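Heads up: the structure comes next, in structure tokens.
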Number of protein chains: 2
Amino acid sequence: MKLESYVQGHWVAGADAGVSLRDATTGESIAVASSTGINFRDVLEYARRVGGSALRALTFHERAGRLKALGRALLENKEEFYALSYRTGATKSDSWVDIDGGIGTMLVFASKGTRELPNSRVFIDGAVEGLSKDGSFVGQHICVPLEGAAVHINAFNFPVWGMLEKLAPAIIAGVPVVVKPATATAYLAERVVRRIIALGILPEGALQLICGAVGDLLDHLTCQDVVSFTGSADTAARLKAHPTLLRESVRFMAETDSLNSSILAPDVTPDMPEFDLFIKEVVREMTAKAGQKCTAIRKALVPQRITAEVVKAMQAALGRVVMGDPRNAAVRMGPLASLGQREEVLARVAELREEATLISGDPEQYSVTGADRTQGAFVPPLLLLCNTPETAKAVHEVEAFGPVATIIPYVDIPEAVRFARRGNGSLVASVFSADETVITELVLGLAPFHGRIIVVNRHCAKESTGHGSPLAHLIHGGPGRAGGSEEMGGIRGVMHYLQRVAVQGSPDTLTAISGRWVRGGTLRTPDRHPFRLPFDALCLGDTFQSGERTVTIGDIESFAKLSGDTFYAHMSDTEAARNPLFGGRVAHGYFLISAAAGLFVDPDYGPVLGNYGLEHLRFVKPVKHGDRIKVRLTCKEKLLRPEKGWGEVSWDTEITNQINETVASYDVLTMVSVHAVPDARG
Amino acid sequence: MKLESYVQGHWVAGADAGVSLRDATTGESIAVASSTGINFRDVLEYARRVGGSALRALTFHERAGRLKALGRALLENKEEFYALSYRTGATKSDSWVDIDGGIGTMLVFASKGTRELPNSRVFIDGAVEGLSKDGSFVGQHICVPLEGAAVHINAFNFPVWGMLEKLAPAIIAGVPVVVKPATATAYLAERVVRRIIALGILPEGALQLICGAVGDLLDHLTCQDVVSFTGSADTAARLKAHPTLLRESVRFMAETDSLNSSILAPDVTPDMPEFDLFIKEVVREMTAKAGQKCTAIRKALVPQRITAEVVKAMQAALGRVVMGDPRNAAVRMGPLASLGQREEVLARVAELREEATLISGDPEQYSVTGADRTQGAFVPPLLLLCNTPETAKAVHEVEAFGPVATIIPYVDIPEAVRFARRGNGSLVASVFSADETVITELVLGLAPFHGRIIVVNRHCAKESTGHGSPLAHLIHGGPGRAGGSEEMGGIRGVMHYLQRVAVQGSPDTLTAISGRWVRGGTLRTPDRHPFRLPFDALCLGDTFQSGERTVTIGDIESFAKLSGDTFYAHMSDTEAARNPLFGGRVAHGYFLISAAAGLFVDPDYGPVLGNYGLEHLRFVKPVKHGDRIKVRLTCKEKLLRPEKGWGEVSWDTEITNQINETVASYDVLTMVSVHAVPDARG
């Protein structure tokens, strides 16, 4: 099989023989990969011109919708990916993390895109900034898609997840992607891309694939492009120093291997559930994907006084691990991805053994189930113990990217924190503890050096997603050695592909650009009550100004009685005068917003289906009996939910008194039908 | 005068003769600067050990408070800075931008820090992320200070503003600063630092100053340090490629010179106010600070059909500019900062003249007021016109960092956008237009290539802060040539000095770490109604659970009558049934939250001073007559305002029905006194 690249709308094979890729278990040749002959400048141009334009023509919601459809379709085709995944050395559960995990990540992004981004092309970032005394000049940050391409250079260990977790935020942002999978497992990534292209759900040009080397691609990057790299720190440093990246300030993200710690906290004794949870997690992290995870636990930090118990429990648990052909149901751990990786890992283990003792597993003596150990890239789980962690270097700096971890005893919390920090920046740390005080001290000590920290105890273990699992909701990345970047993290991950711009101008200007009405902007007067306008007929700025209502003692008394809220400040002038804020009896805030609704509501059946909430309600000034209130309601923001037949409309609302002082300010959230006369089906 | 550096708690002079600094107008020698002999590794260590520890012991509010005090004290001492500022070539109004502008920026940060950050040591970023079905495992991003030093390498043009705008966010974040001012105007920065140190408001070690070269300082940086650079793109690229920065993934921000455009939009005719505003702004940007601003207008894009009118108006306006000794009140424009800069600017102008015609000003023929033109670094305003902008290169790429701009005619909006984008990433663009449609097209076309866009017209001109003024509220920076970074932008600027960490665990764990109660966490039952507990006695999780109340038809009728809200869904079963959401007559949402207040309020005089608002109110499920509602109120977050004698307390509030379904969910915001029995003074 000759792997092909998908560029400029076509599948093309490399012009030369290329690199040979082999089954991790059997050594059998699977495919060859070459990108020779591809014009990389044209690939980038095609992405920008064809893919970028098509993506930017869609709204955030439309792009998220494409991803949702794509994710669902991939789930229906996942068996073909599983079949191929075995060849990488992955067991079924390893493949689940890669394939279902990757598709699931895409679906989380799709869902967050629909819930947390607007159904438009401009993302509004943060609040309006008042920049002048009279409000005629204001500022607003907006974010728009970069008009370049996202180049994703991925690692060999998770060919599906690693591709989809980067693809999803870029596509939602509106930026086309050029994927370059690690060559060793490119056949699986290629299969997934073939399926994606065949499905035709993404616009043409939104995704291109390069199987093989990327040639001079980086030379053609501009300030509108983004590079996201996963792999070794050395390669990351080399890429970052590329003259074009430096000259053009090309955005560069790196997620590199790091030495991650798991800490069994000093409050835990061997009889506590947290002890067992810790043992189980370290074993799982050593053996899942044969330890080829950038998030895997490399340093198991344990209280010195119970080191012997930890060692014993770990030895017992590791003794039960069956290694062999990942297709075999009895096998828990497969081979490494290639013989090259095996050599690399064993070399690193040799370095670690200069400072640490091997206490479980033997790189020379091991058995495999259902496979020929001379053909597969097998390395058994290797556990080391380092009794000189203060002076040791390798255990803090050398990563053996396989089923390898080192137990490191510590005496107290500051020492545990210090040892974990010696990773010099890590993707993740875990803490096993049942004591919130200990947890807080550990977590805040670890925090500046980590991108993610997971705390496991009896209360959350059942639902915990585990030390080694990055989640679409949370950032993935870490400082220093871990690459100094952040991926995912929900919408944070989308922001890497957007340009943030501070826009300054009049309220009307910012309303026009951002699609959100800005206070101080023109108040439009539609020809009827705005609650009688269906969604599409409503304009930003459409305003209802109410008449006045005098607040009486009777109102306050009646409201207190009906609500049951007899807080003293509403009930008695003398008592209220003791309060530093009111200086006398005041109306209930809840009464004010209720009366405001009475003033602004249009009671008859119509397009406004309901008020589903309020935001940012502030009672700015007390209202006393005899005060006269009125309310202004202005259409502030519209978000269509086309599949539902209605849209969300928020209304900037201000209650003022007889001398036009604001007494309350808030946003009223309503659902407004696209029909003038909606029916009970929506 | 021998400038000194302030390092490790002492003022030290360089060990050698150093560089000589000269008055920009008179050429007179002012001072010499040298950093020879300073041990830069020790400087960084001191910052981390002494300054960082002291700053991290304070809360965000306490640090902001220090900045506020510092800003106010500097304002009282500003005359000494003004006196020295003249020597840089700055006029009084140039100095106002630098000195008052710098101090004002610091004060905006202080104020935002107090309003937008918590009064604690951990910043909570974003919402809780549900990561499990039963809510026992959740995620929350928090941000904590980096434990390194911030190295600020500043430009010569704004020695005060450039220092303070970077200092403020770092200090608020809790990260100590090592300032390296550009040597040419280091005497002014040194004077300000002397004052800051003498004031003793910042903790020792929070600020160090290096006058002269930074030697091997960068070699000693770690993943906890930050470098923020302002200057040329070449230097930025060189610094970014430093092996230590690459190896340690040191955070690096660059704000570099860029070619910024101002666009006179095609809707504007010479008789419109926007025409005059444009002319005035271009002249101001050319002459303020003698055009030595990284945000200055270099390209004035004008509609081709009115080029002649623009040229004429510009020539007239520039003809009125008086250049000379900045101390002279008649003088509008001073000299450049140094003779070296003068040579540099004239060389760049020569390049521009290959493609553009000089239409105003003459680098050989000019007069100066109150100064000797042979001694000062004088360059008169030089305006060029380029009639071949499509084929020209220099006008889009060469920056003459002085009073120099080029008029570039365009034919339509897409062409204007294309010409502005050829800056390949700029800090700022401005648009002068009276047509919101034109504005929107221009702004969205410019957006991906800019960090800031200002739209000026008759509605906002009076209050506009101008094309060239970065503001503390808004990001300052731009893609590509502009450096690819963001400074300021309010709290966004503080984030550069914080490490974001995703923390996963049980709700109780996240409550303990973040200082904000998380739903699903333990509900504490204090020995009395929590409204009777003063601020300090309240604990996160303290909960009040109310009894039930049956909602009756009478309640709905009475509430409709009292509020005036007779929306059909509350008034008639038949009408309400037409609505797709309710399926029958429902209680008012405002009634529910009013009744909830009646259920949870403790009416007697006590520490709770008032309810100042609500957040995130959502009506989740309709309530019908006969339903029984109850409410849970849990102390969610506390923020002490020590100067006021009370704190802000938010309460996680949930109204449920008789089968424990949530019907409404919101945060109640209260002010709670630190006294059990507060008095009318607070």
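Convention: chains lettered A, B, ... in structure tokens order; per-chain residue numbering from 1; ligands numbered from 1 as shown.
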Checklist line | Contact residues (chain A, partner chain B, 6 Å, only C-alpha atoms) as a VMD selection string | finding: chain A and resid 132 136 to 137 146 223 237 241 246 248 to 249 440 448 451 to 455 460 463 to 464 474 480 483 to 484 499 501 to 506 513 563 to 568 578 to 580 590 594 to 595 597 to 598 603 to 604 612 to 619 679 to 682
Next item on the list: Write out as a VMD selection string all residues of segment 160-371 of chain B that DSSP puts in helix (DSSP H, G or I) for this structure's backbone.
Entry: chain B and resid 161 to 173 183 to 199 217 to 220 233 to 240 243 to 248 273 to 291 304 to 319 339 to 352
Output file for the residues above (C-alpha atoms, as a compact mmCIF listing (two decimals), in the first residue's frame):
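For reference, out.txt as written:
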```
# COMPACT_ATOMS: atom_id res chain seq x y z
CA TRP B 161 4.89 55.20 29.91
CA GLY B 162 6.77 52.25 28.40
CA MET B 163 8.03 51.28 31.84
CA LEU B 164 4.83 51.79 33.82
CA GLU B 165 2.44 50.14 31.35
CA LYS B 166 4.48 46.92 31.68
CA LEU B 167 5.24 47.26 35.36
CA ALA B 168 1.61 47.59 36.41
CA PRO B 169 0.23 44.26 35.13
CA ALA B 170 3.30 42.34 36.32
CA ILE B 171 3.04 43.76 39.84
CA ILE B 172 -0.70 43.08 40.02
CA ALA B 173 0.00 39.51 38.93
CA THR B 183 19.98 53.53 27.08
CA ALA B 184 19.39 56.76 25.06
CA THR B 185 16.73 58.04 27.48
CA ALA B 186 17.59 55.90 30.51
CA TYR B 187 18.19 59.01 32.65
CA LEU B 188 14.45 59.70 32.79
CA ALA B 189 13.53 56.10 33.58
CA GLU B 190 16.24 56.08 36.24
CA ARG B 191 14.76 59.19 37.84
CA VAL B 192 11.34 57.61 38.03
CA VAL B 193 12.72 54.39 39.50
CA ARG B 194 14.68 56.40 42.07
CA ARG B 195 11.43 57.99 43.14
CA ILE B 196 9.59 54.65 43.23
CA ILE B 197 12.29 53.05 45.34
CA ALA B 198 12.48 56.07 47.68
CA LEU B 199 8.70 55.96 48.18
CA LEU B 217 20.90 37.99 31.75
CA LEU B 218 18.89 36.01 29.20
CA ASP B 219 21.12 32.96 29.73
CA HIS B 220 19.71 32.61 33.23
CA ALA B 233 11.47 43.56 14.75
CA ASP B 234 15.06 42.47 14.12
CA THR B 235 16.00 42.64 17.78
CA ALA B 236 12.78 40.87 18.71
CA ALA B 237 13.57 38.00 16.32
CA ARG B 238 17.08 37.74 17.72
CA LEU B 239 15.86 37.61 21.32
CA LYS B 240 13.14 35.08 20.51
CA PRO B 243 18.73 29.23 23.03
CA THR B 244 17.67 29.63 26.66
CA LEU B 245 14.32 31.13 25.71
CA LEU B 246 13.72 28.28 23.28
CA ARG B 247 14.86 25.53 25.66
CA GLU B 248 12.90 26.83 28.64
CA PRO B 273 -16.32 67.01 9.33
CA GLU B 274 -14.64 63.60 8.94
CA PHE B 275 -12.35 65.11 6.28
CA ASP B 276 -11.04 67.75 8.67
CA LEU B 277 -10.77 65.21 11.50
CA PHE B 278 -8.62 63.01 9.27
CA ILE B 279 -6.26 65.83 8.26
CA LYS B 280 -5.89 66.87 11.87
CA GLU B 281 -5.18 63.34 13.03
CA VAL B 282 -2.55 62.62 10.38
CA VAL B 283 -0.77 65.87 11.21
CA ARG B 284 -0.96 65.12 14.91
CA GLU B 285 0.45 61.62 14.43
CA MET B 286 3.31 62.95 12.29
CA THR B 287 4.32 65.65 14.74
CA ALA B 288 3.52 64.35 18.23
CA LYS B 289 6.75 63.02 19.74
CA ALA B 290 8.27 64.03 16.37
CA GLY B 291 6.61 60.92 14.92
CA GLN B 304 -8.11 58.69 -5.30
CA ARG B 305 -10.72 61.20 -6.48
CA ILE B 306 -9.99 63.58 -3.58
CA THR B 307 -6.24 63.11 -3.34
CA ALA B 308 -5.60 66.67 -4.48
CA GLU B 309 -7.82 68.09 -1.75
CA VAL B 310 -6.11 65.97 0.88
CA VAL B 311 -2.66 67.02 -0.30
CA LYS B 312 -3.62 70.65 -0.21
CA ALA B 313 -5.10 70.46 3.27
CA MET B 314 -2.14 68.51 4.59
CA GLN B 315 0.36 70.95 3.13
CA ALA B 316 -1.47 73.85 4.71
CA ALA B 317 -1.65 72.17 8.12
CA LEU B 318 1.96 71.01 8.12
CA GLY B 319 3.08 74.49 7.07
CA LEU B 339 21.50 62.41 16.15
CA GLY B 340 21.72 58.69 15.49
CA GLN B 341 17.96 58.54 15.09
CA ARG B 342 18.09 61.52 12.77
CA GLU B 343 20.55 59.77 10.49
CA GLU B 344 18.47 56.61 10.57
CA VAL B 345 15.24 58.43 9.68
CA LEU B 346 16.81 60.36 6.82
CA ALA B 347 18.22 57.13 5.36
CA ARG B 348 14.73 55.57 5.45
CA VAL B 349 13.19 58.65 3.87
CA ALA B 350 15.68 58.34 1.03
CA GLU B 351 14.42 54.79 0.45
CA LEU B 352 10.82 55.95 0.46
```
Checklist line | Two-atom distance - atom CA of Phe432 of chain B, atom CA of Ala420 of chain B (Å) | finding: 14.1 Å
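Among the candidate residues A:Gly174, A:Gly89, A:Gly521, A:Pro270, the one lying nearest to Asn328 of chain A is A:Gly89, with distances computed using only C-alpha atoms.
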Next item on the list: Please provide the set of residues having any atom within 6 Å of Gly51 of chain A, restricted to only C-alpha atoms, with same-chain residues fewer than 3 positions apart removed, written as a PyMOL selection string.
Entry: chain A and resi 47-48+54+176+204-206
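In this model, the gap between atom CA of Lys299 of chain B and atom CA of Leu259 of chain B comes to 7.0 Å.
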Next item on the list: Would you list the contacts of Phe535 of chain B as a PyMOL selection string, taking every protein, DNA or RNA residue within 8 Å and counting only C-alpha atoms, but skipping same-chain residues closer than 5 positions in sequence?
Entry: chain B and resi 607+640+646-647+672-675
Dump of all heavy atoms for the selected residues, as a compact mmCIF listing (two decimals), in the first residue's frame:
```txt
# COMPACT_ATOMS: atom_id res chain seq x y z
N PRO B 607 -26.07 41.45 59.93
CA PRO B 607 -24.89 41.76 59.11
C PRO B 607 -25.17 41.89 57.61
O PRO B 607 -24.42 42.58 56.91
CB PRO B 607 -23.93 40.61 59.38
CG PRO B 607 -24.64 39.62 60.23
CD PRO B 607 -25.93 40.21 60.70
N LEU B 640 -13.73 40.50 50.37
CA LEU B 640 -13.71 41.56 51.38
C LEU B 640 -13.33 42.89 50.75
O LEU B 640 -12.43 42.97 49.92
CB LEU B 640 -12.71 41.20 52.48
CG LEU B 640 -12.64 42.17 53.66
CD1 LEU B 640 -13.97 42.26 54.39
CD2 LEU B 640 -11.51 41.78 54.62
N TRP B 646 -17.32 46.14 54.80
CA TRP B 646 -18.15 45.02 54.42
C TRP B 646 -17.50 44.26 53.27
O TRP B 646 -16.48 44.68 52.72
CB TRP B 646 -19.57 45.43 54.06
CG TRP B 646 -19.76 46.62 53.15
CD1 TRP B 646 -20.10 47.88 53.53
CD2 TRP B 646 -19.65 46.66 51.72
NE1 TRP B 646 -20.20 48.71 52.44
CE2 TRP B 646 -19.95 47.98 51.31
CE3 TRP B 646 -19.35 45.70 50.75
CZ2 TRP B 646 -19.91 48.38 49.98
CZ3 TRP B 646 -19.33 46.10 49.41
CH2 TRP B 646 -19.62 47.42 49.05
N GLY B 647 -18.10 43.13 52.95
CA GLY B 647 -17.59 42.35 51.84
C GLY B 647 -18.73 41.97 50.93
O GLY B 647 -19.91 42.04 51.31
N VAL B 672 -22.21 42.08 52.99
CA VAL B 672 -22.28 41.58 54.36
C VAL B 672 -21.26 42.31 55.21
O VAL B 672 -20.07 42.34 54.87
CB VAL B 672 -22.04 40.05 54.40
CG1 VAL B 672 -22.05 39.54 55.83
CG2 VAL B 672 -23.08 39.32 53.56
N SER B 673 -21.73 42.87 56.29
CA SER B 673 -20.86 43.65 57.16
C SER B 673 -19.87 42.76 57.90
O SER B 673 -20.12 41.58 58.13
CB SER B 673 -21.72 44.41 58.18
OG SER B 673 -20.89 45.08 59.10
N VAL B 674 -18.72 43.35 58.25
CA VAL B 674 -17.79 42.62 59.10
C VAL B 674 -18.27 42.65 60.55
O VAL B 674 -17.73 41.95 61.40
CB VAL B 674 -16.36 43.18 59.00
CG1 VAL B 674 -15.82 43.05 57.58
CG2 VAL B 674 -16.30 44.64 59.43
N HIS B 675 -19.29 43.45 60.82
CA HIS B 675 -19.81 43.55 62.18
C HIS B 675 -21.11 42.77 62.32
O HIS B 675 -21.94 42.79 61.41
CB HIS B 675 -20.09 45.01 62.54
CG HIS B 675 -18.91 45.89 62.34
ND1 HIS B 675 -17.77 45.78 63.11
CD2 HIS B 675 -18.67 46.87 61.44
CE1 HIS B 675 -16.88 46.68 62.69
NE2 HIS B 675 -17.40 47.35 61.68
```
Check: Near Asp216 of chain A, within 9 Å and counting only C-alpha atoms, which residues show up once chain neighbours fewer than 5 positions away are dropped, as a ChimeraX atom specification?
Finding: /A:39-41
Just the selected residues (N, CA and C atoms), exported as a compact mmCIF listing (two decimals), in the first residue's frame, please.
```
# COMPACT_ATOMS: atom_id res chain seq x y z
N ASN A 39 3.92 20.49 -3.97
CA ASN A 39 4.33 21.89 -3.89
C ASN A 39 3.65 22.50 -2.65
N PHE A 40 4.45 22.70 -1.62
CA PHE A 40 3.88 23.07 -0.32
C PHE A 40 3.37 24.51 -0.29
N ARG A 41 3.98 25.34 -1.09
CA ARG A 41 3.47 26.71 -1.17
C ARG A 41 2.03 26.70 -1.73
```
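Counting only C-alpha atoms, the residue from A:Thr525, A:Gln658, A:Thr369, A:Thr295 that sits nearest to Pro326 of chain A is A:Thr369.
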Run DSSP on the backbone of this structure and report the residues of segment 525-617 of chain B it assigns to strand (DSSP E or B), as a short mmCIF file (atom, residue, chain, number, x, y, z; two decimals) with all heavy atoms, in the first residue's frame.
```
data_model
loop_
_atom_site.label_atom_id
_atom_site.label_comp_id
_atom_site.auth_asym_id
_atom_site.auth_seq_id
_atom_site.Cartn_x
_atom_site.Cartn_y
_atom_site.Cartn_z
N ASP B 542 -21.75 27.38 53.61
CA ASP B 542 -22.81 27.63 54.61
C ASP B 542 -24.15 27.76 53.89
O ASP B 542 -24.26 28.57 52.95
CB ASP B 542 -22.51 28.90 55.41
CG ASP B 542 -21.52 28.65 56.54
OD1 ASP B 542 -21.16 27.46 56.77
OD2 ASP B 542 -21.10 29.62 57.19
N THR B 543 -25.12 27.01 54.34
CA THR B 543 -26.34 26.85 53.56
C THR B 543 -27.58 27.09 54.39
O THR B 543 -27.63 26.76 55.57
CB THR B 543 -26.38 25.42 52.98
OG1 THR B 543 -25.30 25.28 52.06
CG2 THR B 543 -27.70 25.12 52.26
N PHE B 544 -28.57 27.69 53.74
CA PHE B 544 -29.90 27.79 54.30
C PHE B 544 -30.85 27.02 53.39
O PHE B 544 -30.85 27.23 52.18
CB PHE B 544 -30.34 29.25 54.40
CG PHE B 544 -31.76 29.41 54.85
CD1 PHE B 544 -32.09 29.30 56.19
CD2 PHE B 544 -32.78 29.64 53.94
CE1 PHE B 544 -33.40 29.42 56.62
CE2 PHE B 544 -34.10 29.76 54.36
CZ PHE B 544 -34.42 29.65 55.69
N GLN B 545 -31.62 26.11 53.96
CA GLN B 545 -32.61 25.36 53.18
C GLN B 545 -33.98 25.80 53.69
O GLN B 545 -34.26 25.66 54.88
CB GLN B 545 -32.47 23.86 53.42
CG GLN B 545 -31.08 23.31 53.20
CD GLN B 545 -30.97 22.46 51.93
OE1 GLN B 545 -31.77 22.63 51.01
NE2 GLN B 545 -30.00 21.57 51.90
N ARG B 549 -43.37 26.26 49.91
CA ARG B 549 -44.51 27.15 49.74
C ARG B 549 -45.29 26.64 48.53
O ARG B 549 -44.70 26.36 47.47
CB ARG B 549 -44.03 28.58 49.46
CG ARG B 549 -45.18 29.47 48.99
CD ARG B 549 -44.75 30.91 48.82
NE ARG B 549 -45.91 31.71 48.40
CZ ARG B 549 -45.97 33.03 48.46
NH1 ARG B 549 -44.95 33.73 48.92
NH2 ARG B 549 -47.06 33.67 48.07
N THR B 550 -46.58 26.52 48.69
CA THR B 550 -47.41 26.11 47.56
C THR B 550 -47.77 27.34 46.74
O THR B 550 -48.18 28.37 47.30
CB THR B 550 -48.69 25.42 48.06
OG1 THR B 550 -48.30 24.31 48.87
CG2 THR B 550 -49.54 24.93 46.89
N VAL B 608 -26.21 41.22 57.11
CA VAL B 608 -26.49 41.37 55.67
C VAL B 608 -27.09 42.75 55.43
O VAL B 608 -28.19 43.06 55.89
CB VAL B 608 -27.44 40.26 55.17
CG1 VAL B 608 -27.84 40.54 53.72
CG2 VAL B 608 -26.76 38.91 55.27
N LEU B 609 -26.35 43.58 54.69
CA LEU B 609 -26.77 44.97 54.51
C LEU B 609 -27.76 45.13 53.36
O LEU B 609 -28.58 46.02 53.37
CB LEU B 609 -25.54 45.84 54.24
CG LEU B 609 -24.50 45.83 55.36
CD1 LEU B 609 -23.25 46.59 54.92
CD2 LEU B 609 -25.08 46.45 56.63
N GLY B 610 -27.63 44.28 52.37
CA GLY B 610 -28.55 44.42 51.24
C GLY B 610 -28.20 43.46 50.13
O GLY B 610 -27.12 42.85 50.13
N ASN B 611 -29.14 43.33 49.22
CA ASN B 611 -28.99 42.49 48.03
C ASN B 611 -28.75 43.46 46.88
O ASN B 611 -29.64 44.21 46.51
CB ASN B 611 -30.29 41.68 47.86
CG ASN B 611 -30.39 40.99 46.52
OD1 ASN B 611 -29.48 41.04 45.70
ND2 ASN B 611 -31.52 40.34 46.29
N TYR B 612 -27.54 43.46 46.34
CA TYR B 612 -27.25 44.48 45.32
C TYR B 612 -27.40 43.96 43.89
O TYR B 612 -27.16 44.71 42.94
CB TYR B 612 -25.88 45.11 45.55
CG TYR B 612 -24.69 44.21 45.30
CD1 TYR B 612 -24.09 44.15 44.05
CD2 TYR B 612 -24.16 43.42 46.32
CE1 TYR B 612 -23.00 43.33 43.82
CE2 TYR B 612 -23.08 42.61 46.11
CZ TYR B 612 -22.50 42.56 44.85
OH TYR B 612 -21.43 41.75 44.62
N GLY B 613 -27.81 42.70 43.75
CA GLY B 613 -28.03 42.23 42.39
C GLY B 613 -28.16 40.73 42.29
O GLY B 613 -28.15 40.01 43.31
N LEU B 614 -28.33 40.25 41.08
CA LEU B 614 -28.40 38.82 40.77
C LEU B 614 -27.51 38.57 39.56
O LEU B 614 -27.35 39.44 38.71
CB LEU B 614 -29.82 38.39 40.40
CG LEU B 614 -30.97 38.53 41.40
CD1 LEU B 614 -32.25 37.94 40.78
CD2 LEU B 614 -30.66 37.84 42.71
N GLU B 615 -26.98 37.36 39.49
CA GLU B 615 -26.26 36.94 38.28
C GLU B 615 -26.80 35.61 37.80
O GLU B 615 -27.26 34.79 38.60
CB GLU B 615 -24.76 36.79 38.56
CG GLU B 615 -23.97 38.10 38.54
CD GLU B 615 -23.90 38.77 37.16
OE1 GLU B 615 -24.32 38.15 36.16
OE2 GLU B 615 -23.46 39.93 37.10
N HIS B 616 -26.69 35.40 36.50
CA HIS B 616 -26.93 34.08 35.90
C HIS B 616 -28.29 33.51 36.24
O HIS B 616 -28.43 32.30 36.43
CB HIS B 616 -25.85 33.08 36.34
CG HIS B 616 -24.46 33.61 36.23
ND1 HIS B 616 -24.00 34.25 35.12
CD2 HIS B 616 -23.43 33.62 37.12
CE1 HIS B 616 -22.74 34.62 35.31
NE2 HIS B 616 -22.37 34.25 36.51
N LEU B 617 -29.31 34.35 36.34
CA LEU B 617 -30.65 33.84 36.63
C LEU B 617 -31.19 33.08 35.42
O LEU B 617 -31.23 33.63 34.30
CB LEU B 617 -31.59 34.99 36.99
CG LEU B 617 -33.07 34.63 37.11
CD1 LEU B 617 -33.32 33.59 38.20
CD2 LEU B 617 -33.90 35.87 37.37
#
```
Next item on the list: Identify, on the basis of only C-alpha atoms, every residue whose closest approach to Ala155 of chain A does not exceed 7 Å; exclude the query and any residue fewer than 5 positions from it along the same chain; express the result as an MDAnalysis selection string.
Entry: chainID A and resid 181:182 230:231
Next item on the list: Quick one: everything within 10 Å of Thr406 of chain A, counting only C-alpha atoms, minus sequence neighbours fewer than 5 positions away in the same chain. Send it as a PyMOL selection string.
Entry: chain A and resi 261+297-301+352-353+356-359+382-386+395-396
